[in-house]
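Chemist: Below you will find the structure I want to go over with you.
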There are 4 protein chains.
Amino acid sequence: MSKTKEAVVSEGSAQERLDNYLRTVAHLGHVEISVNNFEKSLWFYTEVMGLVLTETDGDRAYLRAWQDFDHHTLVLKASDKSEVNRIGWRVSTKESLVLFEKQLKEMNIDFTWVEGGQKKALGDAIHFNSPSGLPIELYWEKELFVTNDPQLISKLPSHPSKFRSKGVSPRRFDHVNIMVNDVKKEQQWWTDLLGIHHRYYIQNEEDVRLGSWLSRTNIAHEVALMRNSNQNGAAFHHLAYYLDSPDELIRAANLMAENDIKIEWGPGKHGTSGAQFIYVIEPSGHRVEIWTGGFLIFSPDWEAIEWAPEIGQLGLEMWGSTPPESYFTYGVKIGE
Amino acid sequence: MSKTKEAVVSEGSAQERLDNYLRTVAHLGHVEISVNNFEKSLWFYTEVMGLVLTETDGDRAYLRAWQDFDHHTLVLKASDKSEVNRIGWRVSTKESLVLFEKQLKEMNIDFTWVEGGQKKALGDAIHFNSPSGLPIELYWEKELFVTNDPQLISKLPSHPSKFRSKGVSPRRFDHVNIMVNDVKKEQQWWTDLLGIHHRYYIQNEEDVRLGSWLSRTNIAHEVALMRNSNQNGAAFHHLAYYLDSPDELIRAANLMAENDIKIEWGPGKHGTSGAQFIYVIEPSGHRVEIWTGGFLIFSPDWEAIEWAPEIGQLGLEMWGSTPPESYFTYGVKIGE
Amino acid sequence: MSKTKEAVVSEGSAQERLDNYLRTVAHLGHVEISVNNFEKSLWFYTEVMGLVLTETDGDRAYLRAWQDFDHHTLVLKASDKSEVNRIGWRVSTKESLVLFEKQLKEMNIDFTWVEGGQKKALGDAIHFNSPSGLPIELYWEKELFVTNDPQLISKLPSHPSKFRSKGVSPRRFDHVNIMVNDVKKEQQWWTDLLGIHHRYYIQNEEDVRLGSWLSRTNIAHEVALMRNSNQNGAAFHHLAYYLDSPDELIRAANLMAENDIKIEWGPGKHGTSGAQFIYVIEPSGHRVEIWTGGFLIFSPDWEAIEWAPEIGQLGLEMWGSTPPESYFTYGVKIGE
Amino acid sequence: MSKTKEAVVSEGSAQERLDNYLRTVAHLGHVEISVNNFEKSLWFYTEVMGLVLTETDGDRAYLRAWQDFDHHTLVLKASDKSEVNRIGWRVSTKESLVLFEKQLKEMNIDFTWVEGGQKKALGDAIHFNSPSGLPIELYWEKELFVTNDPQLISKLPSHPSKFRSKGVSPRRFDHVNIMVNDVKKEQQWWTDLLGIHHRYYIQNEEDVRLGSWLSRTNIAHEVALMRNSNQNGAAFHHLAYYLDSPDELIRAANLMAENDIKIEWGPGKHGTSGAQFIYVIEPSGHRVEIWTGGFLIFSPDWEAIEWAPEIGQLGLEMWGSTPPESYFTYGVKIGE
């Protein structure tokens, strides 16, 4: 072992190094999706999934899981097309946004400032696209969920809204998954620019990166990048909510079956994350993952785990059925 | 909302601010306890709890949960007294220890360096006591768990050892709980010196702090500080391991009953953390919590939740039985 | 072992022996309770418990669990007093009722015939009281649950109504529990007259029977008889619905806490039946048990298990808190 | 509704009707299978499944689940072929065997008496074959499980052996499944001769019976008959053990994956029974089902539920993957 008792000389000035700490995201905050069947999708997310509807405003509905502390973690936008519009990340400090602006300028990446309040419940935000065209939104301020509804208020201050038995009732918003042509390139960009750690990845026999999973927080992934088998550009693969137990997962499967919601894949288990999952297709065509289990990563110098080709299949499906072809090819378009 | 689009002027030089980032802990790593019935306690932790015994070395046994990536998260030391010896925290960077040394000197806190290797599987470490006398160990390097045992090796690189069905089989080490005379003072010291965020607390009618829960990571608490009702100094209240589901909690209660291990309190639920728990007293008299549920905290500017006197009881016991008197008075001594 | 290969000579004529087979109950069917707060109790059973309301008719509401095949398993009757009115048992064959009539006459037990249709969804029935005054209703015919409600119809013919996530959503009605002065005497009467097998019992140090559990079916008990500590006559102790898992039990406790329903005892576990339970007091003062686990009894010559005094406590509480005093003294009166 | 208040005239003499009650089975008791890899199968059933080994005797091992009250519910016989040898049913009374003997003679069905003690732990038994050649064993007496092993003795008289956390640890033996050419004919024979009620069945578009499920007890099926797609005679499809929760099912899948046991199908759910299942192939090639959920049938005049062709698929797989072809064609031979 090295001698950490002795002072370590690090590269870079204090200011540069400080800025590197400040110019990071804190966590994934929300995703906005367009839905071509607003009414049916709203029914799905509120009645079947059991999310809480914070409010509707114009053509948008703002939703959250019962333990989500924020005003919303999912935004549905009525549209004639089902797309993803923005993937919102909270930054680490109130100084972060300006530092991101500076960095984006240096990298010649186009961005726009969105004034606080223009997006419901959000403060000032910066919008820009990843190399694959994924629409990223960075913000510092977001309203917390508060309610006067006696159906929702809990006496427990640890419960932003009451624990209810309505539909699937996941505990919290968890992650997003995106299909891109070049996983490795996209992953490095997210890690370098946003400070989102690389957690594990699968390689195929030709040493092509099939998937990478990243997180800034201690959960194993907040964003996953999967190789688009069709190689026809980026697409939004799924959004995910988290459950407290395998029992709740099986209950969710039962509710999907009783409500005629197609389970595309699962119940199954990813060896990589340990996620025990089902994937469903909601009425507007978005894929939604509901999952439980998995591990937390506490190590500050975590090295991304490689899932070599010979065990890559186990990483994808530790048990459960083989994924359907659609799982590797189907996603919704990136919105403009 | 404030204008985060505009640059914020922060106090302090870049170097000072950078050091504040570097001089923090990353996460709770392990706890070493002395046990006055080594044989029976080792049986309890391996056969009833189902922890993996990494190795024994002299008068010590090194243990971990199946998903713990490190060499150990619990150390048992054979002794004639049951005490707590050291509470180990990994620091955030390889530069952190030297910065902690500097800070401890400035605060006139006694400390000692422990050379890497003197403590099994650990690199250089600093030892010192909290104001209440709690023995803290800070380290940067710790060996990961590796094994050649076919009973333990998993094909899954996400599994540092095989998922087994042996005893309770918790997923991971979770937190420690300490009784002190003055919770508020102790909490502020831990937050100020170690950067461990304050997450929630209970006040009584006389505005006395009954408990505070703190974490550096996204889990709701890695260390809890509870008021010693006897006001006779610090004591080690319990260590905790985490389960994946309420089902596993009930299974754990069944195993405790079949193995004549006393359940001191529970099953019950803390409203504060949402922890669904049982507390057991192991053969050497240490209290062990086994729990599931609870929430993660992602917000970078989380404000500690106050549980006011009128709901404090709900924070302690959302449901389940009233805790026995012993829960507020019994703990093991701090080792020398 | 005996020689079962050889013919066994049994006592009694073929007719007598046949009648003994025919003059038995098949299973517990329902219970009717009066509630002094009809509105609030109806809210409890539908919204918190998640039972399905089949229909209301006059001052009565007819309820069932989602998997109960019958029209109802619970009847609420609006009243100014909370009482138990009738405990309904289905008999084994269409010939049984007439045989019961004959037997009751021989035993000089008062009874009344209730014409089919006078009680909602029931065919002809006989009403009479047990030695302790418990109101027994025997019937052969009862309507099945059928519905045209799209919220309730399932495509699965195994589901009399849809599996829903609403409140606790127990799978099925399970048992009733009654406090009496003399358990042993009452148990023998139920076994002798109704053919309900004796499954297990607890004796105290003075060889007094504290409780007996009986069933005609393979479930461990359909009716429990508990000693009234007050020795002031019979009272209705509780009715019980069954859950599929410990996870659902913990979820039920969470729902009770969020809805301000008092959990009188639990979560806990009876060693006798293996029932993992909570007992709640509903708004009209009836005790309701929600439980999971337990064993089935298949043996045709089962001998009742004795829980001797030294392990009786373990039979009552394998783990969990000590029952409150009210558990042994409180029940609702027997209706007239 | 009919007038059950009036006496019903039934056909047959009292003696004939009495004999019909006496000449029935009480419940499925055990199954004996030959295994071509005795050592590896024994490891599977004890270490992975977590069954208790009651004893080995010569070339046979006797096993049971922790809550099975009998000496054994599964017998493994070392052999060079994997086959099924006998399917044991306990009869309803000590008079039953002689009545069965009489009936078999009348039906010109070959049978043999096996003296008590010749089969381990069993009293006198009758052996004969079903129309498809399935080896049936009827018995009245069977030893209960008793033990002096401190690892197995529980203080709880409701626990014939301790609840342990070892492998899957199912609660109890549940059912057997057999593939035959003509399901309908075989079902009628089992119902008529043995008194095993018909519970539900699936028909295909050509009105051919694809499967029938039967039970004498309140569980939904103790024996299932499935159409052999190959139409090449009878084969033993699987044996099944029961778990207490969906959580335990997922845990079982994890244990199978870690121990390299192939999950042939599942996790999935049969709409018919509500069984949430996995099917695994053990080292000697026998299929074993592990399942939880499902409903009990209490009605004494239950009419078998028809799963018509348009919902038959839902009866087979309410959710989860499509069964592999092998599920409809693979079974082990009937032993001689």
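The chains in the structure tokens are called A, B, ... from first to last as shown; in each chain the residues are counted from 1, and the ligands are counted from 1 in the order shown.
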Would you mind listing, as a ChimeraX atom specification, all residues of chain A that have at least one atom within 8 Å of chain B, where only C-alpha atoms are what counts?

Modeler: /A:1-8,14-15,17-18,21,26-27,67,92-95,97-98,113,116,123-125,140-141,155-158,217-218,244-246,271-274,293,295,298-300,305-307,311,314-315

Chemist: Write the residues of the selection above to a file with N, CA and C atoms, as a short mmCIF file (atom, residue, chain, number, x, y, z; two decimals), in the first residue's frame.

Modeler:
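As written to disk, selection.cif reads:
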data_model
loop_
_atom_site.label_atom_id
_atom_site.label_comp_id
_atom_site.auth_asym_id
_atom_site.auth_seq_id
_atom_site.Cartn_x
_atom_site.Cartn_y
_atom_site.Cartn_z
N MET A 1 0.84 -1.21 0.00
CA MET A 1 0.00 0.00 0.00
C MET A 1 0.87 1.25 0.00
N SER A 2 0.29 2.29 -0.51
CA SER A 2 1.04 3.54 -0.60
C SER A 2 1.04 4.23 0.77
N LYS A 3 1.83 5.22 0.88
CA LYS A 3 1.96 5.93 2.15
C LYS A 3 1.04 7.15 2.15
N THR A 4 -0.16 6.99 2.55
CA THR A 4 -1.11 8.11 2.54
C THR A 4 -0.85 9.02 3.73
N LYS A 5 0.05 8.56 4.60
CA LYS A 5 0.44 9.38 5.74
C LYS A 5 1.24 10.58 5.27
N GLU A 6 1.84 10.43 4.08
CA GLU A 6 2.63 11.55 3.57
C GLU A 6 1.83 12.36 2.58
N ALA A 7 2.17 13.64 2.52
CA ALA A 7 1.43 14.54 1.65
C ALA A 7 1.54 14.11 0.20
N VAL A 8 0.46 14.21 -0.52
CA VAL A 8 0.40 13.84 -1.92
C VAL A 8 0.43 15.12 -2.74
N ALA A 14 -5.18 25.10 -7.09
CA ALA A 14 -6.29 24.91 -6.15
C ALA A 14 -7.61 25.33 -6.80
N GLN A 15 -7.57 26.40 -7.55
CA GLN A 15 -8.79 26.90 -8.18
C GLN A 15 -9.32 25.89 -9.20
N ARG A 17 -8.73 22.71 -9.29
CA ARG A 17 -9.19 21.51 -8.60
C ARG A 17 -10.52 21.77 -7.89
N LEU A 18 -10.66 22.93 -7.28
CA LEU A 18 -11.93 23.29 -6.64
C LEU A 18 -13.06 23.30 -7.67
N TYR A 21 -14.50 20.07 -8.48
CA TYR A 21 -15.46 19.57 -7.49
C TYR A 21 -16.82 20.24 -7.66
N ALA A 26 -25.24 16.60 -8.99
CA ALA A 26 -25.46 15.96 -7.69
C ALA A 26 -26.25 14.66 -7.87
N HIS A 27 -27.26 14.72 -8.71
CA HIS A 27 -28.09 13.53 -8.93
C HIS A 27 -29.08 13.77 -10.06
N GLN A 67 -42.24 8.79 -2.14
CA GLN A 67 -41.10 9.23 -1.32
C GLN A 67 -40.24 10.28 -2.01
N SER A 92 -24.31 20.23 -8.19
CA SER A 92 -23.84 20.00 -6.82
C SER A 92 -23.91 21.23 -5.92
N THR A 93 -23.77 22.41 -6.49
CA THR A 93 -23.77 23.63 -5.67
C THR A 93 -24.41 24.76 -6.46
N LYS A 94 -24.67 25.84 -5.76
CA LYS A 94 -25.25 27.00 -6.44
C LYS A 94 -24.24 27.67 -7.37
N GLU A 95 -22.98 27.30 -7.23
CA GLU A 95 -21.95 27.87 -8.12
C GLU A 95 -21.76 27.03 -9.39
N LEU A 97 -23.63 25.94 -11.96
CA LEU A 97 -24.16 26.25 -13.29
C LEU A 97 -23.25 27.20 -14.07
N VAL A 98 -22.74 28.20 -13.38
CA VAL A 98 -21.86 29.16 -14.06
C VAL A 98 -20.58 28.47 -14.53
N TRP A 113 -29.68 29.18 -21.82
CA TRP A 113 -30.16 29.38 -20.46
C TRP A 113 -31.69 29.41 -20.50
N GLY A 116 -35.38 30.83 -14.62
CA GLY A 116 -36.14 30.20 -13.54
C GLY A 116 -37.62 30.50 -13.67
N GLY A 123 -35.63 26.49 -11.01
CA GLY A 123 -34.89 27.74 -11.11
C GLY A 123 -34.15 27.79 -12.45
N ASP A 124 -33.21 28.72 -12.56
CA ASP A 124 -32.43 28.84 -13.80
C ASP A 124 -31.86 27.49 -14.22
N ALA A 125 -31.85 27.26 -15.51
CA ALA A 125 -31.34 25.97 -16.00
C ALA A 125 -30.56 26.17 -17.29
N TRP A 140 -30.08 24.08 -10.46
CA TRP A 140 -29.74 24.03 -9.03
C TRP A 140 -31.00 24.02 -8.17
N GLU A 141 -31.97 24.84 -8.54
CA GLU A 141 -33.14 24.97 -7.69
C GLU A 141 -34.37 24.26 -8.25
N LYS A 155 -48.53 12.52 8.63
CA LYS A 155 -48.04 13.10 9.87
C LYS A 155 -46.53 12.96 9.99
N LEU A 156 -45.96 12.08 9.19
CA LEU A 156 -44.54 11.79 9.27
C LEU A 156 -43.75 12.75 8.38
N PRO A 157 -42.91 13.58 8.98
CA PRO A 157 -42.14 14.52 8.13
C PRO A 157 -41.16 13.81 7.20
N SER A 158 -40.90 12.55 7.46
CA SER A 158 -40.05 11.78 6.53
C SER A 158 -40.83 11.35 5.28
N THR A 217 -24.37 9.41 -7.61
CA THR A 217 -24.70 9.08 -6.23
C THR A 217 -24.25 7.66 -5.90
N ASN A 218 -24.67 7.15 -4.75
CA ASN A 218 -24.28 5.80 -4.33
C ASN A 218 -25.12 4.70 -4.96
N ASP A 244 -39.47 -1.53 -3.09
CA ASP A 244 -38.78 -1.94 -1.86
C ASP A 244 -38.52 -3.43 -1.73
N SER A 245 -39.11 -4.27 -2.57
CA SER A 245 -38.94 -5.71 -2.35
C SER A 245 -39.36 -6.53 -3.56
N PRO A 246 -38.83 -7.77 -3.64
CA PRO A 246 -39.27 -8.69 -4.69
C PRO A 246 -40.78 -8.94 -4.63
N GLY A 271 -27.60 -9.51 -13.84
CA GLY A 271 -26.47 -9.82 -12.98
C GLY A 271 -25.62 -8.60 -12.67
N THR A 272 -25.55 -7.68 -13.60
CA THR A 272 -24.71 -6.49 -13.44
C THR A 272 -25.07 -5.71 -12.18
N SER A 273 -26.31 -5.25 -12.16
CA SER A 273 -26.75 -4.38 -11.08
C SER A 273 -27.42 -5.16 -9.95
N GLY A 274 -27.82 -6.38 -10.26
CA GLY A 274 -28.63 -7.13 -9.29
C GLY A 274 -30.09 -6.70 -9.33
N GLY A 293 -33.93 -4.32 -5.47
CA GLY A 293 -32.67 -5.00 -5.19
C GLY A 293 -31.49 -4.15 -5.58
N PHE A 295 -27.24 -3.05 -5.62
CA PHE A 295 -26.28 -2.70 -4.57
C PHE A 295 -25.95 -1.21 -4.61
N PHE A 298 -20.17 2.67 -2.41
CA PHE A 298 -19.68 3.70 -1.49
C PHE A 298 -18.24 4.10 -1.77
N SER A 299 -17.51 3.25 -2.46
CA SER A 299 -16.08 3.48 -2.63
C SER A 299 -15.81 4.76 -3.44
N PRO A 300 -14.96 5.64 -2.92
CA PRO A 300 -14.65 6.88 -3.67
C PRO A 300 -13.70 6.65 -4.83
N ILE A 305 -16.56 -2.15 -13.19
CA ILE A 305 -16.47 -3.61 -13.34
C ILE A 305 -16.67 -3.97 -14.81
N GLU A 306 -15.77 -4.78 -15.33
CA GLU A 306 -15.95 -5.25 -16.70
C GLU A 306 -16.71 -6.57 -16.70
N TRP A 307 -17.75 -6.65 -17.51
CA TRP A 307 -18.44 -7.90 -17.77
C TRP A 307 -17.96 -8.38 -19.13
N ILE A 311 -19.28 -13.72 -19.84
CA ILE A 311 -20.28 -13.62 -18.78
C ILE A 311 -21.26 -12.48 -19.03
N LEU A 314 -24.84 -13.34 -18.60
CA LEU A 314 -25.20 -13.45 -17.19
C LEU A 314 -25.43 -12.06 -16.59
N GLY A 315 -24.66 -11.11 -17.09
CA GLY A 315 -24.85 -9.74 -16.64
C GLY A 315 -26.21 -9.21 -17.06
#

Chemist: Please provide as a ChimeraX atom specification all residues within 9 Å of A:Gln231, with the sequence filter that same-chain residues fewer than 6 positions apart are discarded (counting only C-alpha atoms).

Modeler: /A:180-182,329

Chemist: Taking only C-alpha atoms into account, which of D:Asp110, D:Glu55, D:Glu11, D:Asp192 comes nearest D:Phe145?

Modeler: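 Closest to D:Phe145 of all the choices is D:Glu55.
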
Chemist: For atom CA of A:Val288 and atom CA of A:Ile261, determine how far apart the two atoms are, in Å to one decimal place.

Modeler: 10.9 Å

Chemist: Could you tell me how far atom CA of D:Glu186 sits from atom CA of D:Ser284, in Å to one decimal place?

Modeler: 27.3 Å

Chemist: Per DSSP on the backbone, what are the strand (DSSP E or B) residues of stretch 28-89 of chain C, as a ChimeraX atom specification?

Modeler: /C:28-35,52-57,60-64,70,74-78,83-89

Chemist: Take the residues from that selection and put them in a file with C-alpha atoms, as a compact mmCIF listing (two decimals), in the first residue's frame.

Modeler:
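File produced: out_27.txt:
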# COMPACT_ATOMS: atom_id res chain seq x y z
CA LEU C 28 -66.71 -21.21 7.75
CA GLY C 29 -68.63 -18.96 5.39
CA HIS C 30 -69.15 -15.51 6.85
CA VAL C 31 -69.75 -13.42 9.90
CA GLU C 32 -72.29 -10.66 10.42
CA ILE C 33 -71.35 -7.89 12.81
CA SER C 34 -73.27 -4.85 14.00
CA VAL C 35 -71.28 -1.66 13.87
CA VAL C 52 -64.81 -5.40 -2.26
CA LEU C 53 -68.27 -4.06 -1.48
CA THR C 54 -70.64 -6.47 -3.23
CA GLU C 55 -73.71 -4.43 -2.39
CA THR C 56 -75.47 -2.50 0.31
CA ASP C 57 -79.06 -3.36 1.11
CA ARG C 60 -76.41 -3.81 5.71
CA ALA C 61 -73.24 -3.88 3.61
CA TYR C 62 -71.96 -7.11 2.07
CA LEU C 63 -68.20 -7.44 1.65
CA ARG C 64 -65.62 -9.95 0.50
CA ASP C 70 -68.95 -16.16 -2.42
CA LEU C 74 -68.50 -10.20 5.97
CA VAL C 75 -71.77 -8.40 6.67
CA LEU C 76 -71.84 -5.02 8.40
CA LYS C 77 -75.13 -4.03 9.98
CA ALA C 78 -75.71 -0.41 11.00
CA GLU C 83 -71.98 -6.80 18.36
CA VAL C 84 -71.67 -10.08 16.55
CA ASN C 85 -74.94 -11.32 15.02
CA ARG C 86 -74.27 -14.61 13.28
CA ILE C 87 -71.41 -16.87 12.37
CA GLY C 88 -72.24 -18.65 9.15
CA TRP C 89 -71.03 -22.13 8.26

Chemist: Using only C-alpha atoms, which of A:Lys184, A:Arg199, A:His175, A:Lys269 sits nearest A:Met226?

Modeler: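 Of all the options, A:Lys184 lies closest to A:Met226.
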
Chemist: Could you check which of D:Ser132, D:Thr46, D:Gln313, D:Thr24 is closest to D:Ser169, using only C-alpha atoms?

Modeler: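 With only C-alpha atoms as the atom set, the closest residue is D:Thr46.
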
Chemist: Quick check, in Å to one decimal: how far apart do atom CA of A:Leu210 and atom CA of A:Ser229 lie?

Modeler: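 Separating atom CA of A:Leu210 from atom CA of A:Ser229 is a distance of 9.0 Å.
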
Chemist: Which is closest to C:Gly211 among C:Met107, C:Val280, C:Met256, C:Ala304, if we use only C-alpha atoms?

Modeler: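 Nearest to C:Gly211: C:Ala304.
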
Chemist: May I have the residues within 10 Å of D:Ala240 as a count of residues only, using only C-alpha atoms and disregarding those fewer than 4 positions away in the same chain?

Modeler: 17
